[in-house]
file my_file30.txt (compact mmCIF, C-alpha atoms)
# COMPACT_ATOMS: atom_id res chain seq x y z
CA MET A 1 38.78 43.37 113.72
CA TYR A 2 38.58 44.41 110.08
CA LEU A 3 37.12 47.87 109.68
CA VAL A 4 36.62 49.25 106.19
CA ASN A 5 34.22 51.59 104.43
CA THR A 6 34.12 49.59 101.22
CA GLU A 7 31.55 46.90 100.51
CA THR A 8 34.10 44.14 100.54
CA ILE A 9 37.31 43.76 102.45
CA PRO A 10 40.17 44.09 99.96
CA GLY A 11 42.13 40.86 99.85
CA LYS A 12 39.73 38.96 102.13
CA LYS A 13 36.63 36.85 101.65
CA ILE A 14 33.39 37.53 103.50
CA VAL A 15 31.63 34.32 104.48
CA GLU A 16 28.69 35.60 106.48
CA MET A 17 26.77 38.84 107.04
CA TYR A 18 25.16 39.54 110.39
CA GLY A 19 23.41 42.84 109.76
CA ILE A 20 23.67 46.42 110.79
CA VAL A 21 25.67 47.57 113.80
CA SER A 22 25.89 51.12 115.06
CA GLY A 23 27.26 53.29 117.79
CA SER A 24 26.60 56.87 118.78
CA THR A 25 27.54 59.52 121.30
CA VAL A 26 26.06 62.91 122.04
CA ARG A 27 28.58 65.44 123.25
CA ALA A 28 28.38 68.99 124.45
CA LYS A 29 31.36 71.27 124.51
CA HIS A 30 32.23 72.62 127.90
CA VAL A 31 32.01 76.29 128.70
CA GLY A 32 35.76 76.92 128.75
CA LYS A 33 36.18 75.52 125.29
CA ASP A 34 33.17 77.46 124.10
CA ILE A 35 34.62 80.73 125.33
CA MET A 36 37.95 79.95 123.70
CA ALA A 37 36.13 79.10 120.49
CA GLY A 38 34.23 82.37 120.75
CA LEU A 39 37.51 84.26 120.84
CA LYS A 40 38.93 82.19 118.03
CA ASN A 41 35.84 83.06 116.02
CA ILE A 42 37.10 86.63 115.72
CA VAL A 43 40.36 85.79 114.00
CA GLY A 44 39.20 82.57 112.36
CA GLY A 45 41.21 79.43 111.87
CA GLU A 46 41.14 75.98 113.32
CA LEU A 47 39.32 75.30 116.58
CA LYS A 48 41.67 72.65 117.93
CA GLY A 49 39.57 71.98 121.03
CA TYR A 50 36.58 71.09 118.90
CA THR A 51 38.59 68.98 116.49
CA GLU A 52 39.94 66.88 119.35
CA LEU A 53 36.60 66.64 121.08
CA LEU A 54 34.85 65.42 117.96
CA GLN A 55 37.64 62.98 117.20
CA GLU A 56 37.41 61.48 120.67
CA SER A 57 33.65 61.21 120.45
CA ARG A 58 33.82 59.58 117.06
CA GLN A 59 36.35 57.11 118.43
CA GLU A 60 33.97 56.28 121.26
CA ALA A 61 31.07 55.76 118.87
CA MET A 62 33.30 53.44 116.83
CA GLU A 63 34.21 51.45 119.93
CA ARG A 64 30.54 50.98 120.73
CA MET A 65 29.89 49.77 117.23
CA VAL A 66 32.81 47.34 117.44
CA GLU A 67 31.52 46.01 120.78
CA GLN A 68 28.16 45.34 119.22
CA ALA A 69 29.74 43.60 116.25
CA LYS A 70 31.84 41.41 118.55
CA SER A 71 28.79 40.38 120.55
CA MET A 72 27.23 39.14 117.32
CA GLY A 73 30.27 37.02 116.66
CA ALA A 74 31.56 39.12 113.78
CA ASN A 75 35.19 39.84 113.12
CA GLY A 76 34.75 42.70 110.70
CA VAL A 77 32.56 45.68 109.87
CA VAL A 78 32.15 46.78 106.26
CA ASN A 79 30.60 49.81 104.61
CA ILE A 80 31.17 52.06 107.61
CA ARG A 81 29.52 55.49 107.42
CA PHE A 82 29.79 58.49 109.72
CA ALA A 83 27.05 61.01 110.35
CA THR A 84 26.97 64.14 112.48
CA SER A 85 23.91 66.03 113.55
CA SER A 86 23.30 68.76 116.06
CA VAL A 87 20.51 67.64 118.33
CA ALA A 88 20.41 70.73 120.53
CA GLN A 89 22.12 74.08 120.91
CA GLY A 90 25.77 73.36 121.61
CA ALA A 91 25.54 69.57 121.46
CA SER A 92 26.20 67.30 118.55
CA GLU A 93 25.53 63.66 117.93
CA LEU A 94 28.11 61.50 116.25
CA TYR A 95 26.79 58.35 114.69
CA VAL A 96 28.71 55.49 113.12
CA TYR A 97 27.12 52.53 111.40
CA GLY A 98 28.11 49.61 109.26
CA THR A 99 27.44 45.99 108.45
CA ALA A 100 28.90 43.29 110.69
CA VAL A 101 30.46 40.43 108.75
CA LEU A 102 32.43 37.27 109.30
CA VAL A 103 35.69 37.16 107.38
CA GLU A 104 37.55 34.01 106.52
CA MET B 1 32.27 103.14 122.08
CA LYS B 2 30.40 100.28 120.49
CA ILE B 3 31.31 101.35 116.99
CA VAL B 4 34.99 101.51 117.96
CA LEU B 5 34.84 97.97 119.29
CA PHE B 6 33.06 96.83 116.16
CA LEU B 7 35.61 98.43 113.86
CA GLY B 8 38.44 97.09 116.01
CA LEU B 9 37.10 93.55 115.76
CA LEU B 10 36.57 94.01 112.05
CA ALA B 11 40.17 95.13 111.53
CA LEU B 12 41.54 92.39 113.78
CA GLY B 13 39.46 89.80 111.96
CA TYR B 14 40.59 91.07 108.58
CA PHE B 15 44.33 91.30 109.26
CA ALA B 16 44.80 88.31 111.58
CA GLY B 17 42.31 86.21 109.64
CA THR B 18 43.86 86.90 106.25
CA ALA B 19 47.38 86.24 107.53
CA ALA B 20 46.32 82.98 109.18
CA GLU B 21 44.46 81.86 106.07
CA LYS B 22 47.44 82.54 103.80
CA LYS B 23 49.72 80.62 106.13
CA HIS B 24 47.29 77.74 106.27
CA PHE B 25 46.92 77.55 102.49
CA LYS B 26 50.69 77.59 102.10
CA SER B 27 51.04 74.72 104.56
CA ILE B 28 48.25 72.82 102.79
CA SER B 29 49.88 73.08 99.37
CA GLU B 30 53.27 72.07 100.74
CA ARG B 31 51.84 69.02 102.46
CA GLU B 32 49.74 68.14 99.42
CA ALA B 33 52.89 68.16 97.32
CA ALA B 34 54.68 66.01 99.89
CA SER B 35 51.94 63.38 100.03
CA ILE B 36 51.33 63.13 96.29
CA ALA B 37 52.70 59.58 96.24
CA LEU B 38 49.62 58.28 98.06
CA PRO B 39 46.66 58.42 95.66
CA VAL B 40 43.21 58.93 97.12
CA LEU B 41 40.39 57.43 95.06
CA SER B 42 36.68 57.82 95.46
CA VAL B 43 35.92 54.53 93.77
CA SER B 44 35.30 51.49 95.94
CA LYS B 45 37.30 48.90 93.99
CA LEU B 46 40.89 48.80 92.89
CA PRO B 47 41.67 47.93 89.26
CA GLU B 48 41.96 44.18 88.64
CA ASN B 49 45.72 44.20 88.23
CA LEU B 50 46.26 45.45 91.76
CA VAL B 51 45.86 42.81 94.44
CA ALA B 52 45.15 44.09 97.92
CA THR B 53 46.76 42.36 100.87
CA GLU B 54 45.88 44.57 103.81
CA SER B 55 43.25 47.18 104.55
CA ALA B 56 42.23 49.56 107.31
CA LEU B 57 39.84 52.41 107.93
CA VAL B 58 41.50 55.82 108.01
CA THR B 59 39.90 59.10 109.06
CA GLY B 60 40.89 62.71 109.30
CA SER B 61 38.94 65.68 110.54
CA ALA B 62 39.23 69.41 111.01
CA VAL B 63 37.06 72.12 112.53
CA ILE B 64 37.69 75.49 110.94
CA SER B 65 36.11 78.76 111.96
CA ILE B 66 35.54 81.87 109.93
CA ASP B 67 36.88 85.26 111.03
CA TYR B 68 34.84 88.25 112.12
CA PHE B 69 35.42 90.32 109.01
CA LYS B 70 34.35 87.56 106.66
CA ARG B 71 31.29 86.80 108.71
CA ILE B 72 30.14 90.40 108.44
CA LEU B 73 30.98 90.41 104.74
CA ALA B 74 28.95 87.26 104.21
CA SER B 75 25.95 88.68 106.02
CA LEU B 76 26.12 91.73 103.75
CA ILE B 77 26.34 89.56 100.63
CA ASN B 78 23.36 87.67 101.99
CA ILE B 79 21.23 90.75 101.45
CA VAL B 80 21.99 91.16 97.76
CA GLY B 81 22.76 87.53 97.02
CA GLY B 82 25.55 86.17 94.87
CA LYS B 83 28.81 84.38 95.37
CA VAL B 84 29.88 84.18 99.01
CA ILE B 85 33.64 83.99 98.58
CA SER B 86 34.38 84.07 102.30
CA TYR B 87 32.66 80.74 102.87
CA GLU B 88 34.14 79.15 99.78
CA SER B 89 37.64 79.44 101.16
CA LEU B 90 36.45 78.24 104.58
CA VAL B 91 35.07 74.92 103.36
CA ASP B 92 37.94 74.49 100.92
CA ARG B 93 40.46 74.83 103.74
CA ALA B 94 38.55 72.46 105.99
CA ARG B 95 38.17 69.77 103.31
CA ARG B 96 41.75 69.84 102.16
CA GLU B 97 43.02 69.80 105.73
CA ALA B 98 40.81 66.83 106.61
CA ILE B 99 41.98 64.88 103.55
CA LEU B 100 45.60 65.66 104.38
CA ARG B 101 45.20 64.47 107.95
CA MET B 102 43.63 61.28 106.69
CA LYS B 103 46.53 60.77 104.30
CA GLU B 104 49.07 61.46 107.01
CA SER B 105 47.49 58.81 109.21
CA ALA B 106 47.67 56.22 106.42
CA GLY B 107 51.39 55.61 106.99
CA HIS B 108 52.72 52.68 104.99
CA TYR B 109 49.66 52.04 102.80
CA ASP B 110 49.72 52.39 99.02
CA TYR B 111 46.24 53.64 98.19
CA ILE B 112 43.19 55.06 99.86
CA ILE B 113 39.97 53.96 98.23
CA ASN B 114 36.30 54.82 98.71
CA LEU B 115 36.92 58.33 99.99
CA ARG B 116 33.87 59.90 101.60
CA ILE B 117 33.63 63.44 102.91
CA GLU B 118 31.03 64.63 105.40
CA THR B 119 30.57 68.28 106.25
CA SER B 120 28.60 69.57 109.19
CA VAL B 121 28.01 72.91 110.82
CA ILE B 122 28.88 73.11 114.47
CA GLY B 123 29.31 75.66 117.21
CA ASN B 124 26.21 77.78 116.80
CA SER B 125 26.61 78.89 120.37
CA ALA B 126 30.04 80.31 119.65
CA ASN B 127 28.72 83.01 117.36
CA GLN B 128 25.90 85.34 118.13
CA LYS B 129 25.50 86.62 114.61
CA ASN B 130 23.34 84.41 112.47
CA GLY B 131 24.94 82.23 109.86
CA VAL B 132 27.66 79.64 109.79
CA GLY B 133 30.24 79.87 112.57
CA SER B 134 32.44 76.91 111.93
CA VAL B 135 32.38 73.77 109.85
CA GLU B 136 33.58 70.32 110.68
CA VAL B 137 34.77 68.14 107.86
CA VAL B 138 35.50 64.48 108.29
CA ALA B 139 37.18 62.57 105.50
CA PHE B 140 37.32 58.80 105.66
CA GLY B 141 38.33 55.97 103.42
CA THR B 142 39.89 52.54 103.28
CA ALA B 143 43.67 52.41 103.12
CA VAL B 144 44.96 49.40 101.24
CA LYS B 145 48.32 47.83 100.71
CA VAL B 146 48.84 46.12 97.38
CA LYS B 147 51.06 43.21 96.47
CA SER B 148 54.41 44.68 95.58
CA ASP B 149 54.96 42.41 92.57
CA ALA B 150 51.68 43.49 90.95
CA ASN B 151 51.89 45.27 87.62
CA GLN B 152 51.82 49.01 87.77
CA ILE B 153 48.96 50.81 86.08

call {"tool": "encode", "arguments": {"input": "my_file30.txt", "output": "structure tokens"}}
result
Amino acid sequence: MYLVNTETIPGKKIVEMYGIVSGSTVRAKHVGKDIMAGLKNIVGGELKGYTELLQESRQEAMERMVEQAKSMGANGVVNIRFATSSVAQGASELYVYGTAVLVE
Amino acid sequence: MKIVLFLGLLALGYFAGTAAEKKHFKSISEREAASIALPVLSVSKLPENLVATESALVTGSAVISIDYFKRILASLINIVGGKVISYESLVDRARREAILRMKESAGHYDYIINLRIETSVIGNSANQKNGVGSVEVVAFGTAVKVKSDANQI
């Protein structure tokens, strides 16, 4: 699977475009992590729990997108974009989208 | 009692926060110097003389929170308006850290092209005071390997 965020795949030739594919997850942080983050908020600095959580969720969204691309018969996704939005208090949505393509 | 707690938190936020920030900035500049050999470009195409052979998506992210002292400071500045220095350093730290993590995950590649940076505010529930609590920055791009016999720029 070729995954890139450029319009073409460097060094490869795109022979067919299948259209948009996307994947998303909505995640809430659990209470323990929230309390830890609350404490960390006093001294500042990196919130490792959140970083990991968001990374995992983004990975999951990517996997969903790749699944969708595979079911279309594609072997690559180009022009991948990430978006994050908070849908409710304490929950965020991670969205990944791109264009499924067939690479020679 | 409440005022003591408030001042205590303020002092803790100021001293611990400032120390942590200095340490973080020092680590960022050291790692930036160490990874200078891997150029990160925001353009989507390599110059013609460089021929790409391999490519992959690379990402890096960081969630950084502001300390108590700076949050109070920012809410005071909010009244009179003007430059909010405390948030400037927050987003700067988060962005540079995210880019560094992306670079560190790029391993044996020669260039990273089409860099995109997304910033979002998270963790509203973690701070009761209004305003930004923490920011998440995700940096992503396409790592490419170029043909080794290609002419250098």

call {"tool": "residues_around", "arguments": {"input": "my_file30.txt", "residues": "B:Ser89", "least_positions_apart": "3", "cutoff": "12 Å", "atoms": "all atoms listed in the file", "output": "PDB file with C-alpha atoms, keeping the file's coordinate frame"}}
result
ATOM      1  CA  GLY A  44      39.200  82.570 112.360  1.00  0.00           C
ATOM      2  CA  GLY A  45      41.210  79.430 111.870  1.00  0.00           C
TER       3      GLY A  45
ATOM      4  CA  GLY B  17      42.310  86.210 109.640  1.00  0.00           C
ATOM      5  CA  THR B  18      43.860  86.900 106.250  1.00  0.00           C
ATOM      6  CA  GLU B  21      44.460  81.860 106.070  1.00  0.00           C
ATOM      7  CA  LYS B  22      47.440  82.540 103.800  1.00  0.00           C
ATOM      8  CA  HIS B  24      47.290  77.740 106.270  1.00  0.00           C
ATOM      9  CA  PHE B  25      46.920  77.550 102.490  1.00  0.00           C
ATOM     10  CA  ILE B  64      37.690  75.490 110.940  1.00  0.00           C
ATOM     11  CA  SER B  65      36.110  78.760 111.960  1.00  0.00           C
ATOM     12  CA  ILE B  66      35.540  81.870 109.930  1.00  0.00           C
ATOM     13  CA  ASP B  67      36.880  85.260 111.030  1.00  0.00           C
ATOM     14  CA  LYS B  70      34.350  87.560 106.660  1.00  0.00           C
ATOM     15  CA  LYS B  83      28.810  84.380  95.370  1.00  0.00           C
ATOM     16  CA  VAL B  84      29.880  84.180  99.010  1.00  0.00           C
ATOM     17  CA  ILE B  85      33.640  83.990  98.580  1.00  0.00           C
ATOM     18  CA  SER B  86      34.380  84.070 102.300  1.00  0.00           C
ATOM     19  CA  ASP B  92      37.940  74.490 100.920  1.00  0.00           C
ATOM     20  CA  ARG B  93      40.460  74.830 103.740  1.00  0.00           C
ATOM     21  CA  ALA B  94      38.550  72.460 105.990  1.00  0.00           C
ATOM     22  CA  ARG B  95      38.170  69.770 103.310  1.00  0.00           C
ATOM     23  CA  ARG B  96      41.750  69.840 102.160  1.00  0.00           C
ATOM     24  CA  GLU B  97      43.020  69.800 105.730  1.00  0.00           C
ATOM     25  CA  VAL B 135      32.380  73.770 109.850  1.00  0.00           C
TER      26      VAL B 135
END

call {"tool": "residues_around", "arguments": {"input": "my_file30.txt", "residues": "B:Ala139", "least_positions_apart": "6", "cutoff": "12 Å", "atoms": "all atoms listed in the file", "output": "ChimeraX atom specification"}}
result
/A:5,55,81-83 /B:40,42,57-63,94-103,105,112-120

call {"tool": "atom_distance", "arguments": {"input": "my_file30.txt", "atom1": "atom CA of A:Gly38", "atom2": "atom CA of A:Val87"}}
result
20.3 Å

call {"tool": "atom_distance", "arguments": {"input": "my_file30.txt", "atom1": "atom CA of B:Leu50", "atom2": "atom CA of B:Lys147"}}
result
7.1 Å

call {"tool": "atom_distance", "arguments": {"input": "my_file30.txt", "atom1": "atom CA of A:Val77", "atom2": "atom CA of A:Glu52"}}
result
24.4 Å

call {"tool": "interface_residues", "arguments": {"input": "my_file30.txt", "of": "chain A", "to": "chain B", "cutoff": "9 Å", "atoms": "all atoms listed in the file", "output": "CSV table (one decimal) with C-alpha atoms, in the coordinates of the input"}}
result
chain,number,residue,atom,x,y,z
A,2,TYR,CA,38.6,44.4,110.1
A,3,LEU,CA,37.1,47.9,109.7
A,4,VAL,CA,36.6,49.2,106.2
A,5,ASN,CA,34.2,51.6,104.4
A,6,THR,CA,34.1,49.6,101.2
A,7,GLU,CA,31.6,46.9,100.5
A,8,THR,CA,34.1,44.1,100.5
A,9,ILE,CA,37.3,43.8,102.4
A,10,PRO,CA,40.2,44.1,100.0
A,11,GLY,CA,42.1,40.9,99.8
A,12,LYS,CA,39.7,39.0,102.1
A,29,LYS,CA,31.4,71.3,124.5
A,34,ASP,CA,33.2,77.5,124.1
A,35,ILE,CA,34.6,80.7,125.3
A,36,MET,CA,38.0,80.0,123.7
A,37,ALA,CA,36.1,79.1,120.5
A,38,GLY,CA,34.2,82.4,120.8
A,39,LEU,CA,37.5,84.3,120.8
A,40,LYS,CA,38.9,82.2,118.0
A,41,ASN,CA,35.8,83.1,116.0
A,42,ILE,CA,37.1,86.6,115.7
A,43,VAL,CA,40.4,85.8,114.0
A,44,GLY,CA,39.2,82.6,112.4
A,45,GLY,CA,41.2,79.4,111.9
A,46,GLU,CA,41.1,76.0,113.3
A,47,LEU,CA,39.3,75.3,116.6
A,48,LYS,CA,41.7,72.6,117.9
A,49,GLY,CA,39.6,72.0,121.0
A,50,TYR,CA,36.6,71.1,118.9
A,51,THR,CA,38.6,69.0,116.5
A,52,GLU,CA,39.9,66.9,119.4
A,54,LEU,CA,34.8,65.4,118.0
A,55,GLN,CA,37.6,63.0,117.2
A,80,ILE,CA,31.2,52.1,107.6
A,81,ARG,CA,29.5,55.5,107.4
A,82,PHE,CA,29.8,58.5,109.7
A,83,ALA,CA,27.0,61.0,110.4
A,84,THR,CA,27.0,64.1,112.5
A,85,SER,CA,23.9,66.0,113.6
A,86,SER,CA,23.3,68.8,116.1
A,89,GLN,CA,22.1,74.1,120.9
A,90,GLY,CA,25.8,73.4,121.6
A,91,ALA,CA,25.5,69.6,121.5
A,92,SER,CA,26.2,67.3,118.6

call {"tool": "residues_around", "arguments": {"input": "my_file30.txt", "residues": "stretch 37-39 of chain B", "least_positions_apart": "2", "cutoff": "8 Å", "atoms": "all atoms listed in the file", "output": "list in words"}}
result
Ala34, Ser35, Leu41, Lys103, Tyr109, Asp110, Tyr111 and Ile112 of chain B

call {"tool": "residues_near_point", "arguments": {"input": "my_file30.txt", "point": "(26.2, 43.4, 113.6)", "cutoff": "6 Å", "atoms": "all atoms listed in the file", "output": "list in words"}}
result
Tyr18, Gly19, Ile20, Val21, Ala69, Met72, Thr99 and Ala100 of chain A
